[in-house]
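To keep things clear, I will list the structure first and then write my remarks on it.
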Amino acid sequence: MNNELQHIYELGEGLETLDRIKARIDGLNLRYFIETYGCQMNEHDSEKIAGMLVRAGYTKAETKQDADLILFNTCCVREHAEKRTFGNVGFIKELKQINPRLILGVCGCMMQQREVANRLFARFPFVDLIFGTHELKNFPAMLENCLDKKRVFNVSDSDGEVIEGLPVERNAGFSTFVNIMYGCNNFCTYCIVPYVRGRERSRKPEDILNEVRSVVAGGYSEVTLLGQNVNSYSCDGMDFPRLLTLISNEVPELKRLRFMTSHPKDLSPELIMAMAQLDNVCKHIHLPVQSGSDSILKKMNRRYTTADYLKIVDELRQNVPFVEITTDIIVGFPGETEEDFQATLDLVKKVGYSNAYTFAYSPREGTVAARMEDQIPDEEKKRRLNKLNAVLAETIPENNEKYIGYSGEILVEGVDHRGEPLLFGKLSNFKMVYVEGDESLVGSFVDIKVDGFRFNSLFGHIAN
Ligand code: SAH
Ligand code: SF4
Ligand code: F3S
């Protein structure tokens, strides 16, 4: 990708607007509540919106009832989301009657679909603010207009740009996100993301590096680099394996560096070598396969075959000890025959995933697959989904045998109180481990030894 074509936008002026709002609402004790749907991309966008709100003098509300600004950050990757969003928005009408200064906003991928945004705007006159995914940089001005009691509708057809200088209010914890790129150029035929997130664009390596340094200085010990397809990162002559190497070497204090999502068609041998050689790069890869049938993969426009995929899996396993692979799978894509579906089950058994997110194909308006013939009936999709999940429930635990007696290190994330209190945390390869131990260990790295397993989790003890 040619970086010169890319528009990099600095928030500068927006920050002044936020400071002006802060002076204006001083003493009012205004609070915000953001409800986020969808993937990490949306979660991280919500952290950026929260960052702007905090800069503008807002504090976080614990519930919607306590909030003076409620924002729904929506997803539209599958169909049912729309009904739920309209329902959630409708429910806020009552709250607006109780708190007349309450501002209600809806943003995110679903609002980037202009017809849906129009419909929501017309149907709910009490919605104050609607904006699409390319409008984060205009949030300060939109907020100011809302405070002036204007209704704001801001959905642009831009392909998107790279926005730098946004304040971020990161969720508490030990692990956080850093965007390396935005958008997607792949147009898998089932997928709405390229239509609502714009074209692929990569951030500059030095901007990424500075952000990683600053979150590490802020106490985070794990960073996940985010992109719809991180393997096609490209900026200033740098590709993804080189970027990973750069961050790993330049920020050695960072204990764990993760990334997602990897598209199999762009996964290079260099990336596998980087994973093998760089200690702080985690030994986990989320590698969505989507289907185990070559003809379905072709119709999906995935641009790899099952043989290509299995070759990558082999190379990963040969070069990266105890590497774990997770995936996404869609069943019931248009024209998927029983043999195609069986091929998916066979592939799942062959790969030995440590976890998988499985979906029934959901037609999205505007995508190529939605117009394909031979749409599979809902009942059949459900049957295939259940069958696939049953096969996964068998294969995932099989994959755990090799961990009996295994020694490794977990980052303790919290205490599970469902039974006897147990600390839980992940290995570098994303396997969850439960051990007995003191609550004071939450947030630290602890050496463990594995004694057993249940489904996709491991159980063990702290090793001294
Ligand atoms: N960029 C990422 C994530 C895309 S969305 C990637 O390429 O993997 C996350 C997952 O949702 C996809 O991997 C796919 O399995 C699923 N998905 C996307 N569109 C879908 C649709 N129309 N119906 C069902 N599942 C879908
Ligand atoms: Fe969607 Fe495919 Fe892009 Fe992933 S790579 S976001 S599945 S179009
Ligand atoms: Fe993510 Fe959903 Fe948008 S999966 S990119 S929030 S459509």
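In the structure tokens, chains take letters A, B, ... by order of appearance, with residues numbered from 1 within each chain and ligands from 1 in the order shown.
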
Practice problem: Tell me which protein, DNA and RNA residues are within 9 Å of stretch 159-172 of chain A, counting only C-alpha atoms, leaving out same-chain ones fewer than 4 positions away, and put them as a PyMOL selection string. | Solution: chain A and resi 6-12+14-15+44-55+133-137+176-177+181-183+197-203+207

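The protein and nucleic acid residues lying at most 10 Å from A:Lys381 are Ile330, Val331, Gly332, Phe333, Glu336, Phe359, Ala360, Tyr361, Ser362, Gln375, Ile376, Pro377, Asp378, Glu379, Arg383, Arg384, Leu385, Asn386 and Lys387 of chain A, with only C-alpha atoms considered and sequence neighbours fewer than 2 positions away removed.
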
Exercise. For stretch 221-236 of chain A, please output as a PyMOL selection string all residues within 9 Å (counting only C-alpha atoms; exclusion window: fewer than 3 positions along the same chain).
Key: chain A and resi 1-3+40-41+174-184+186+193+200-205+212+215-216+239-241+243+253-268+271+411+443-444

Quiz prompt | All strand (DSSP E or B) residues (DSSP, backbone) inside stretch 47-248 of chain A, as JSON, numbers by chain | solution = {"A": [59, 60, 69, 70, 71, 72, 73, 74, 103, 104, 105, 106, 107, 108, 129, 130, 131, 152, 153, 154, 162, 163, 164, 175, 176, 177, 178, 179, 181, 182, 201, 202, 222, 223, 224, 225, 226, 234, 235, 238, 239]}

How would the residues just chosen look if you wrote them out with C-alpha atoms as a tab-separated table (two decimals), in the first residue's frame?
```tsv
chain	number	residue	atom	x	y	z
A	59	THR	CA	-16.51	10.57	34.53
A	60	LYS	CA	-17.59	6.98	34.03
A	69	LEU	CA	-24.55	10.43	28.14
A	70	ILE	CA	-25.27	6.90	26.91
A	71	LEU	CA	-23.59	5.63	23.79
A	72	PHE	CA	-24.21	2.32	22.02
A	73	ASN	CA	-21.21	1.25	19.95
A	74	THR	CA	-22.76	-1.25	17.55
A	103	ILE	CA	-27.70	12.61	25.67
A	104	LEU	CA	-28.29	9.36	23.76
A	105	GLY	CA	-25.91	8.35	20.98
A	106	VAL	CA	-25.49	5.36	18.67
A	107	CYS	CA	-22.26	4.77	16.74
A	108	GLY	CA	-20.10	1.97	15.34
A	129	LEU	CA	-26.39	11.57	18.13
A	130	ILE	CA	-25.61	9.10	15.35
A	131	PHE	CA	-22.17	8.71	13.83
A	152	VAL	CA	-26.41	15.27	15.16
A	153	PHE	CA	-26.29	12.76	12.26
A	154	ASN	CA	-22.83	12.16	10.88
A	162	VAL	CA	-5.53	7.27	10.20
A	163	ILE	CA	-6.28	9.39	13.25
A	164	GLU	CA	-3.46	10.11	15.67
A	175	SER	CA	-3.61	-6.30	28.92
A	176	THR	CA	-4.49	-3.65	26.37
A	177	PHE	CA	-4.95	-2.97	22.63
A	178	VAL	CA	-2.91	-0.97	20.14
A	179	ASN	CA	-4.19	-0.51	16.58
A	181	MET	CA	-4.06	-0.70	11.00
A	182	TYR	CA	-7.68	-0.02	10.16
A	201	ARG	CA	-4.61	1.71	6.08
A	202	SER	CA	-1.61	1.23	8.34
A	222	GLU	CA	0.53	-7.41	27.63
A	223	VAL	CA	-0.26	-5.61	24.36
A	224	THR	CA	-2.44	-6.96	21.54
A	225	LEU	CA	-1.75	-5.40	18.16
A	226	LEU	CA	-5.04	-5.00	16.31
A	234	SER	CA	2.50	-2.14	5.31
A	235	CYS	CA	3.90	1.30	6.03
A	238	MET	CA	7.84	-2.11	6.89
A	239	ASP	CA	5.82	-5.34	6.85
```

Practice problem: Point out the residue among A:Phe91, A:Phe33, A:Ile285, A:Ser156 with the least atom-to-atom distance to A:Asn138, counting only C-alpha atoms. | Solution: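 That would be A:Ser156, the residue with the smallest distance to A:Asn138.
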
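Based on only C-alpha atoms and all ligand atoms, the protein and nucleic acid residues found within 6 Å of ligand 3 are, by chain and then by number, Gly38, Cys39, Met41, Asn42, Cys75, Cys76, Val77, Cys109 and Val193 of chain A.
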
Take the residues from that selection and put them in a file with all heavy atoms, as a PDB file, in the first residue's frame.
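The resulting file, result.pdb, is reproduced below:
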```pdb
ATOM      1  N   GLY A  38     -19.608  -6.343  19.499  1.00  0.00           N
ATOM      2  CA  GLY A  38     -18.693  -6.649  18.402  1.00  0.00           C
ATOM      3  C   GLY A  38     -17.286  -6.971  18.846  1.00  0.00           C
ATOM      4  O   GLY A  38     -17.074  -7.496  19.937  1.00  0.00           O
ATOM      5  N   CYS A  39     -16.336  -6.665  17.989  1.00  0.00           N
ATOM      6  CA  CYS A  39     -14.975  -7.176  18.158  1.00  0.00           C
ATOM      7  C   CYS A  39     -14.084  -6.195  18.919  1.00  0.00           C
ATOM      8  O   CYS A  39     -14.509  -5.114  19.328  1.00  0.00           O
ATOM      9  CB  CYS A  39     -14.375  -7.488  16.794  1.00  0.00           C
ATOM     10  SG  CYS A  39     -14.117  -6.014  15.780  1.00  0.00           S
ATOM     11  N   MET A  41     -11.914  -4.296  17.817  1.00  0.00           N
ATOM     12  CA  MET A  41     -11.806  -3.007  17.126  1.00  0.00           C
ATOM     13  C   MET A  41     -12.805  -2.020  17.726  1.00  0.00           C
ATOM     14  O   MET A  41     -12.493  -0.865  17.999  1.00  0.00           O
ATOM     15  CB  MET A  41     -12.123  -3.265  15.652  1.00  0.00           C
ATOM     16  CG  MET A  41     -11.461  -2.388  14.665  1.00  0.00           C
ATOM     17  SD  MET A  41      -9.701  -2.241  14.811  1.00  0.00           S
ATOM     18  CE  MET A  41      -9.122  -3.639  13.897  1.00  0.00           C
ATOM     19  N   ASN A  42     -14.024  -2.492  17.934  1.00  0.00           N
ATOM     20  CA  ASN A  42     -15.057  -1.656  18.538  1.00  0.00           C
ATOM     21  C   ASN A  42     -14.749  -1.366  19.999  1.00  0.00           C
ATOM     22  O   ASN A  42     -14.949  -0.248  20.468  1.00  0.00           O
ATOM     23  CB  ASN A  42     -16.419  -2.368  18.450  1.00  0.00           C
ATOM     24  CG  ASN A  42     -17.297  -1.754  17.388  1.00  0.00           C
ATOM     25  OD1 ASN A  42     -16.810  -1.033  16.507  1.00  0.00           O
ATOM     26  ND2 ASN A  42     -18.587  -2.014  17.456  1.00  0.00           N
ATOM     27  N   CYS A  75     -22.316  -3.310  16.377  1.00  0.00           N
ATOM     28  CA  CYS A  75     -21.687  -4.249  15.438  1.00  0.00           C
ATOM     29  C   CYS A  75     -22.763  -4.719  14.471  1.00  0.00           C
ATOM     30  O   CYS A  75     -23.931  -4.786  14.832  1.00  0.00           O
ATOM     31  CB  CYS A  75     -21.146  -5.436  16.234  1.00  0.00           C
ATOM     32  SG  CYS A  75     -20.630  -6.847  15.241  1.00  0.00           S
ATOM     33  N   CYS A  76     -22.369  -5.063  13.253  1.00  0.00           N
ATOM     34  CA  CYS A  76     -23.385  -5.566  12.312  1.00  0.00           C
ATOM     35  C   CYS A  76     -22.871  -6.785  11.562  1.00  0.00           C
ATOM     36  O   CYS A  76     -23.332  -7.093  10.471  1.00  0.00           O
ATOM     37  CB  CYS A  76     -23.783  -4.468  11.332  1.00  0.00           C
ATOM     38  SG  CYS A  76     -22.382  -3.793  10.434  1.00  0.00           S
ATOM     39  N   VAL A  77     -21.893  -7.496  12.144  1.00  0.00           N
ATOM     40  CA  VAL A  77     -21.276  -8.599  11.408  1.00  0.00           C
ATOM     41  C   VAL A  77     -22.280  -9.725  11.172  1.00  0.00           C
ATOM     42  O   VAL A  77     -22.197 -10.431  10.179  1.00  0.00           O
ATOM     43  CB  VAL A  77     -19.976  -9.062  12.091  1.00  0.00           C
ATOM     44  CG1 VAL A  77     -20.227  -9.995  13.266  1.00  0.00           C
ATOM     45  CG2 VAL A  77     -19.037  -9.691  11.092  1.00  0.00           C
ATOM     46  N   CYS A 109     -20.205   0.187  13.728  1.00  0.00           N
ATOM     47  CA  CYS A 109     -20.327  -0.388  12.381  1.00  0.00           C
ATOM     48  C   CYS A 109     -21.749  -0.361  11.840  1.00  0.00           C
ATOM     49  O   CYS A 109     -21.969  -0.110  10.661  1.00  0.00           O
ATOM     50  CB  CYS A 109     -19.794  -1.813  12.392  1.00  0.00           C
ATOM     51  SG  CYS A 109     -18.019  -1.856  12.712  1.00  0.00           S
ATOM     52  N   VAL A 193     -17.599  -6.229   6.983  1.00  0.00           N
ATOM     53  CA  VAL A 193     -16.575  -5.355   7.585  1.00  0.00           C
ATOM     54  C   VAL A 193     -15.936  -4.375   6.584  1.00  0.00           C
ATOM     55  O   VAL A 193     -15.828  -3.181   6.875  1.00  0.00           O
ATOM     56  CB  VAL A 193     -15.515  -6.189   8.349  1.00  0.00           C
ATOM     57  CG1 VAL A 193     -14.340  -5.322   8.798  1.00  0.00           C
ATOM     58  CG2 VAL A 193     -16.150  -6.876   9.548  1.00  0.00           C
TER      59      VAL A 193
END
```

Quiz item: Which of these residues is nearest to A:Val196, using only C-alpha atoms: A:Leu30, A:Leu143, A:Val155, A:Leu18?
Solution: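 Nearest to A:Val196: A:Val155.
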
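Counting from atom CA of A:Pro140, the distance to atom CA of A:Glu43 is 19.0 Å.
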
Self-check item: Residue neighbourhood A:Met273, 10 Å, only C-alpha atoms, exclusion window fewer than 2 positions, as a ChimeraX atom specification
Solution: /A:241,268-271,275-278,315-316,319-320

Those selected residues, please, written with N, CA and C atoms and delivered as a PDB file, in the first residue's frame.
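Final output, result_6.pdb:
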```
ATOM      1  N   PRO A 241       6.021  -8.864   9.991  1.00  0.00           N
ATOM      2  CA  PRO A 241       7.080  -9.515  10.786  1.00  0.00           C
ATOM      3  C   PRO A 241       8.149  -8.517  11.253  1.00  0.00           C
ATOM      4  N   SER A 268       3.254 -15.163   6.369  1.00  0.00           N
ATOM      5  CA  SER A 268       4.525 -15.474   5.721  1.00  0.00           C
ATOM      6  C   SER A 268       5.422 -16.335   6.608  1.00  0.00           C
ATOM      7  N   PRO A 269       6.393 -17.038   5.993  1.00  0.00           N
ATOM      8  CA  PRO A 269       7.381 -17.793   6.789  1.00  0.00           C
ATOM      9  C   PRO A 269       8.128 -16.865   7.745  1.00  0.00           C
ATOM     10  N   GLU A 270       8.317 -15.590   7.353  1.00  0.00           N
ATOM     11  CA  GLU A 270       9.015 -14.638   8.227  1.00  0.00           C
ATOM     12  C   GLU A 270       8.246 -14.434   9.533  1.00  0.00           C
ATOM     13  N   LEU A 271       6.906 -14.436   9.432  1.00  0.00           N
ATOM     14  CA  LEU A 271       6.123 -14.257  10.660  1.00  0.00           C
ATOM     15  C   LEU A 271       6.331 -15.452  11.585  1.00  0.00           C
ATOM     16  N   MET A 275       7.799 -15.356  15.340  1.00  0.00           N
ATOM     17  CA  MET A 275       7.130 -15.951  16.510  1.00  0.00           C
ATOM     18  C   MET A 275       8.058 -16.920  17.227  1.00  0.00           C
ATOM     19  N   ALA A 276       8.849 -17.657  16.435  1.00  0.00           N
ATOM     20  CA  ALA A 276       9.744 -18.654  17.019  1.00  0.00           C
ATOM     21  C   ALA A 276      10.885 -17.991  17.779  1.00  0.00           C
ATOM     22  N   GLN A 277      11.391 -16.877  17.226  1.00  0.00           N
ATOM     23  CA  GLN A 277      12.643 -16.310  17.765  1.00  0.00           C
ATOM     24  C   GLN A 277      12.460 -15.244  18.840  1.00  0.00           C
ATOM     25  N   LEU A 278      11.342 -14.534  18.803  1.00  0.00           N
ATOM     26  CA  LEU A 278      11.198 -13.403  19.716  1.00  0.00           C
ATOM     27  C   LEU A 278      10.500 -13.860  21.000  1.00  0.00           C
ATOM     28  N   GLU A 315       3.996 -25.813   9.621  1.00  0.00           N
ATOM     29  CA  GLU A 315       5.201 -25.003   9.828  1.00  0.00           C
ATOM     30  C   GLU A 315       5.198 -24.332  11.193  1.00  0.00           C
ATOM     31  N   LEU A 316       4.015 -23.880  11.591  1.00  0.00           N
ATOM     32  CA  LEU A 316       3.918 -23.290  12.930  1.00  0.00           C
ATOM     33  C   LEU A 316       4.305 -24.315  13.986  1.00  0.00           C
ATOM     34  N   ASN A 319       8.058 -25.148  14.108  1.00  0.00           N
ATOM     35  CA  ASN A 319       9.005 -24.099  14.496  1.00  0.00           C
ATOM     36  C   ASN A 319       8.734 -23.453  15.846  1.00  0.00           C
ATOM     37  N   VAL A 320       7.496 -23.520  16.281  1.00  0.00           N
ATOM     38  CA  VAL A 320       7.142 -22.820  17.527  1.00  0.00           C
ATOM     39  C   VAL A 320       6.616 -23.842  18.537  1.00  0.00           C
TER      40      VAL A 320
END
```

Practice problem: Using DSSP on the backbone, list every residue of stretch 58-117 of chain A that comes out as helix (DSSP H, G or I), and give them as a PyMOL selection string. | Solution: chain A and resi 64-66+81-98+109-112+114-117

Writing out the chosen residues with N, CA, C and O atoms as an mmCIF file, in the first residue's frame:
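Contents of the output file out33.cif:
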```cif
data_model
loop_
_atom_site.group_PDB
_atom_site.id
_atom_site.type_symbol
_atom_site.label_atom_id
_atom_site.label_comp_id
_atom_site.auth_asym_id
_atom_site.auth_seq_id
_atom_site.Cartn_x
_atom_site.Cartn_y
_atom_site.Cartn_z
ATOM 1 N N LYS A 64 -26.455 2.650 33.335
ATOM 2 C CA LYS A 64 -27.111 3.585 32.402
ATOM 3 C C LYS A 64 -27.958 4.591 33.170
ATOM 4 O O LYS A 64 -28.044 5.755 32.788
ATOM 5 N N GLN A 65 -28.577 4.122 34.249
ATOM 6 C CA GLN A 65 -29.454 4.989 35.041
ATOM 7 C C GLN A 65 -28.703 6.195 35.602
ATOM 8 O O GLN A 65 -29.284 7.258 35.800
ATOM 9 N N ASP A 66 -27.400 6.020 35.851
ATOM 10 C CA ASP A 66 -26.600 7.105 36.452
ATOM 11 C C ASP A 66 -25.991 8.025 35.405
ATOM 12 O O ASP A 66 -25.276 8.963 35.748
ATOM 13 N N ALA A 81 -28.161 -8.664 15.335
ATOM 14 C CA ALA A 81 -27.710 -7.509 16.125
ATOM 15 C C ALA A 81 -28.655 -6.316 15.985
ATOM 16 O O ALA A 81 -28.860 -5.558 16.930
ATOM 17 N N GLU A 82 -29.262 -6.187 14.799
ATOM 18 C CA GLU A 82 -30.050 -4.991 14.522
ATOM 19 C C GLU A 82 -31.277 -4.893 15.429
ATOM 20 O O GLU A 82 -31.550 -3.845 16.002
ATOM 21 N N LYS A 83 -31.968 -6.004 15.532
ATOM 22 C CA LYS A 83 -33.167 -6.045 16.363
ATOM 23 C C LYS A 83 -32.823 -5.655 17.798
ATOM 24 O O LYS A 83 -33.495 -4.862 18.437
ATOM 25 N N ARG A 84 -31.718 -6.218 18.274
ATOM 26 C CA ARG A 84 -31.316 -5.973 19.649
ATOM 27 C C ARG A 84 -30.985 -4.495 19.860
ATOM 28 O O ARG A 84 -31.368 -3.892 20.857
ATOM 29 N N THR A 85 -30.265 -3.911 18.897
ATOM 30 C CA THR A 85 -29.893 -2.505 19.031
ATOM 31 C C THR A 85 -31.136 -1.620 19.065
ATOM 32 O O THR A 85 -31.249 -0.737 19.921
ATOM 33 N N PHE A 86 -32.075 -1.860 18.159
ATOM 34 C CA PHE A 86 -33.293 -1.042 18.138
ATOM 35 C C PHE A 86 -34.041 -1.199 19.474
ATOM 36 O O PHE A 86 -34.565 -0.232 20.010
ATOM 37 N N GLY A 87 -34.057 -2.408 19.992
ATOM 38 C CA GLY A 87 -34.696 -2.661 21.285
ATOM 39 C C GLY A 87 -34.011 -1.890 22.406
ATOM 40 O O GLY A 87 -34.658 -1.205 23.198
ATOM 41 N N ASN A 88 -32.673 -1.985 22.441
ATOM 42 C CA ASN A 88 -31.904 -1.298 23.486
ATOM 43 C C ASN A 88 -32.112 0.205 23.443
ATOM 44 O O ASN A 88 -32.216 0.864 24.471
ATOM 45 N N VAL A 89 -32.137 0.745 22.233
ATOM 46 C CA VAL A 89 -32.289 2.187 22.082
ATOM 47 C C VAL A 89 -33.685 2.608 22.553
ATOM 48 O O VAL A 89 -33.841 3.582 23.293
ATOM 49 N N GLY A 90 -34.697 1.830 22.154
ATOM 50 C CA GLY A 90 -36.070 2.144 22.539
ATOM 51 C C GLY A 90 -36.229 2.249 24.047
ATOM 52 O O GLY A 90 -36.929 3.121 24.566
ATOM 53 N N PHE A 91 -35.522 1.406 24.761
ATOM 54 C CA PHE A 91 -35.603 1.336 26.216
ATOM 55 C C PHE A 91 -35.122 2.630 26.896
ATOM 56 O O PHE A 91 -35.530 2.962 28.005
ATOM 57 N N ILE A 92 -34.252 3.377 26.212
ATOM 58 C CA ILE A 92 -33.657 4.579 26.823
ATOM 59 C C ILE A 92 -34.660 5.740 26.900
ATOM 60 O O ILE A 92 -34.492 6.673 27.662
ATOM 61 N N LYS A 93 -35.744 5.642 26.125
ATOM 62 C CA LYS A 93 -36.743 6.724 26.119
ATOM 63 C C LYS A 93 -37.165 7.075 27.553
ATOM 64 O O LYS A 93 -37.228 8.251 27.927
ATOM 65 N N GLU A 94 -37.434 6.051 28.316
ATOM 66 C CA GLU A 94 -37.858 6.258 29.713
ATOM 67 C C GLU A 94 -36.816 7.021 30.504
ATOM 68 O O GLU A 94 -37.141 7.930 31.264
ATOM 69 N N LEU A 95 -35.551 6.627 30.320
ATOM 70 C CA LEU A 95 -34.484 7.300 31.076
ATOM 71 C C LEU A 95 -34.406 8.770 30.700
ATOM 72 O O LEU A 95 -34.095 9.616 31.518
ATOM 73 N N LYS A 96 -34.685 9.060 29.449
ATOM 74 C CA LYS A 96 -34.631 10.460 29.010
ATOM 75 C C LYS A 96 -35.732 11.283 29.672
ATOM 76 O O LYS A 96 -35.580 12.476 29.896
ATOM 77 N N GLN A 97 -36.853 10.620 29.972
ATOM 78 C CA GLN A 97 -37.929 11.341 30.657
ATOM 79 C C GLN A 97 -37.534 11.658 32.101
ATOM 80 O O GLN A 97 -37.859 12.724 32.619
ATOM 81 N N ILE A 98 -36.769 10.752 32.703
ATOM 82 C CA ILE A 98 -36.340 10.982 34.090
ATOM 83 C C ILE A 98 -35.222 12.022 34.143
ATOM 84 O O ILE A 98 -35.187 12.871 35.006
ATOM 85 N N CYS A 109 -20.205 0.187 13.728
ATOM 86 C CA CYS A 109 -20.327 -0.388 12.381
ATOM 87 C C CYS A 109 -21.749 -0.361 11.840
ATOM 88 O O CYS A 109 -21.969 -0.110 10.661
ATOM 89 N N MET A 110 -22.741 -0.628 12.707
ATOM 90 C CA MET A 110 -24.118 -0.667 12.206
ATOM 91 C C MET A 110 -24.555 0.718 11.721
ATOM 92 O O MET A 110 -25.319 0.837 10.761
ATOM 93 N N MET A 111 -24.057 1.749 12.379
ATOM 94 C CA MET A 111 -24.424 3.111 11.979
ATOM 95 C C MET A 111 -23.672 3.549 10.723
ATOM 96 O O MET A 111 -24.024 4.540 10.096
ATOM 97 N N GLN A 112 -22.631 2.815 10.369
ATOM 98 C CA GLN A 112 -21.943 3.117 9.116
ATOM 99 C C GLN A 112 -22.757 2.607 7.919
ATOM 100 O O GLN A 112 -22.482 2.956 6.777
ATOM 101 N N ARG A 114 -25.659 3.302 6.059
ATOM 102 C CA ARG A 114 -26.464 4.528 6.010
ATOM 103 C C ARG A 114 -27.975 4.281 6.164
ATOM 104 O O ARG A 114 -28.652 4.990 6.909
ATOM 105 N N GLU A 115 -28.489 3.230 5.476
ATOM 106 C CA GLU A 115 -29.940 3.003 5.550
ATOM 107 C C GLU A 115 -30.368 2.670 6.970
ATOM 108 O O GLU A 115 -31.436 3.099 7.420
ATOM 109 N N VAL A 116 -29.543 1.886 7.666
ATOM 110 C CA VAL A 116 -29.900 1.501 9.029
ATOM 111 C C VAL A 116 -29.850 2.735 9.925
ATOM 112 O O VAL A 116 -30.744 2.979 10.746
ATOM 113 N N ALA A 117 -28.817 3.552 9.734
ATOM 114 C CA ALA A 117 -28.676 4.779 10.538
ATOM 115 C C ALA A 117 -29.862 5.710 10.286
ATOM 116 O O ALA A 117 -30.445 6.258 11.228
#
```

Practice problem: Would you mind listing what lies within 6 Å of stretch 445-462 of chain A as a ChimeraX atom specification, with only C-alpha atoms counted and same-chain residues fewer than 6 positions away left out? | Solution: /A:397,404-411,432-435

I need the chosen residues saved as a short mmCIF file (atom, residue, chain, number, x, y, z; two decimals), in the first residue's frame, with C-alpha atoms.
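In the end it all went to selection-v2.cif:
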```
data_model
loop_
_atom_site.label_atom_id
_atom_site.label_comp_id
_atom_site.auth_asym_id
_atom_site.auth_seq_id
_atom_site.Cartn_x
_atom_site.Cartn_y
_atom_site.Cartn_z
CA PRO A 397 -9.71 -31.66 25.20
CA ILE A 404 0.24 -32.97 31.80
CA GLY A 405 3.48 -32.17 33.64
CA TYR A 406 4.07 -29.03 31.57
CA SER A 407 5.83 -26.08 33.26
CA GLY A 408 5.13 -22.55 32.14
CA GLU A 409 4.32 -19.03 33.17
CA ILE A 410 0.88 -17.43 33.49
CA LEU A 411 -0.14 -13.81 33.84
CA MET A 432 -6.13 -20.72 30.43
CA VAL A 433 -4.70 -22.25 33.62
CA TYR A 434 -6.32 -22.44 37.07
CA VAL A 435 -4.18 -22.75 40.21
#
```

Quiz item: With distances taken over only C-alpha atoms and all ligand atoms, which of A:Leu287, A:Val348, A:Val412, A:Ile208 is nearest to ligand 1?
Solution: A:Leu287

Self-check item: Using only C-alpha atoms and all ligand atoms: which of A:Ser291, A:Asn355, A:Asn400, A:Asn301 has the shortest distance to ligand 2
Solution: A:Asn301

Practice problem: Mind checking which residues fall within 7 Å of A:Thr189, counting only C-alpha atoms, ignoring those fewer than 3 positions away in the same chain, and posting them as a ChimeraX atom specification? | Solution: /A:300-301,367-369

Write the residues of the selection above to a file with N, CA and C atoms, as an mmCIF file, in the first residue's frame.
```cif
data_model
loop_
_atom_site.group_PDB
_atom_site.id
_atom_site.type_symbol
_atom_site.label_atom_id
_atom_site.label_comp_id
_atom_site.auth_asym_id
_atom_site.auth_seq_id
_atom_site.Cartn_x
_atom_site.Cartn_y
_atom_site.Cartn_z
ATOM 1 N N MET A 300 -16.056 -18.108 -0.933
ATOM 2 C CA MET A 300 -15.915 -17.094 0.123
ATOM 3 C C MET A 300 -14.870 -16.034 -0.245
ATOM 4 N N ASN A 301 -14.156 -16.272 -1.339
ATOM 5 C CA ASN A 301 -13.051 -15.387 -1.746
ATOM 6 C C ASN A 301 -11.958 -15.309 -0.678
ATOM 7 N N THR A 367 -23.512 -7.643 0.517
ATOM 8 C CA THR A 367 -22.374 -8.529 0.266
ATOM 9 C C THR A 367 -22.709 -9.486 -0.886
ATOM 10 N N VAL A 368 -21.672 -10.029 -1.501
ATOM 11 C CA VAL A 368 -21.854 -10.916 -2.656
ATOM 12 C C VAL A 368 -22.612 -12.193 -2.257
ATOM 13 N N ALA A 369 -22.246 -12.774 -1.115
ATOM 14 C CA ALA A 369 -22.836 -14.067 -0.734
ATOM 15 C C ALA A 369 -24.338 -13.960 -0.468
#
```

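Proximity ranking of A:Ala307, A:Ala370, A:Ile192, A:Leu102 relative to ligand 2 places A:Ile192 first, based on only C-alpha atoms and all ligand atoms.
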
Quiz item: Separation of atom CA of A:Gln290 and atom 14 (C, counted along the ligand's line) of ligand 1, in Å?
Solution: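 Straight-line distance from atom CA of A:Gln290 to atom 14 (C, counted along the ligand's line) of ligand 1 works out to 6.5 Å.
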
Quiz item: Looking at A:Ala274, A:Ala390, A:Leu345, A:Ala356, which one is nearest to ligand 1, with distances taken over only C-alpha atoms and all ligand atoms?
Solution: A:Ala356

Quiz item: Near A:Asp314, counting only C-alpha atoms, which residues have an atom at most 12 Å away, once you skip same-chain residues fewer than 5 positions from it, shown as a ChimeraX atom specification?
Solution: /A:269,272,307-309,319-321,323-325,350-352
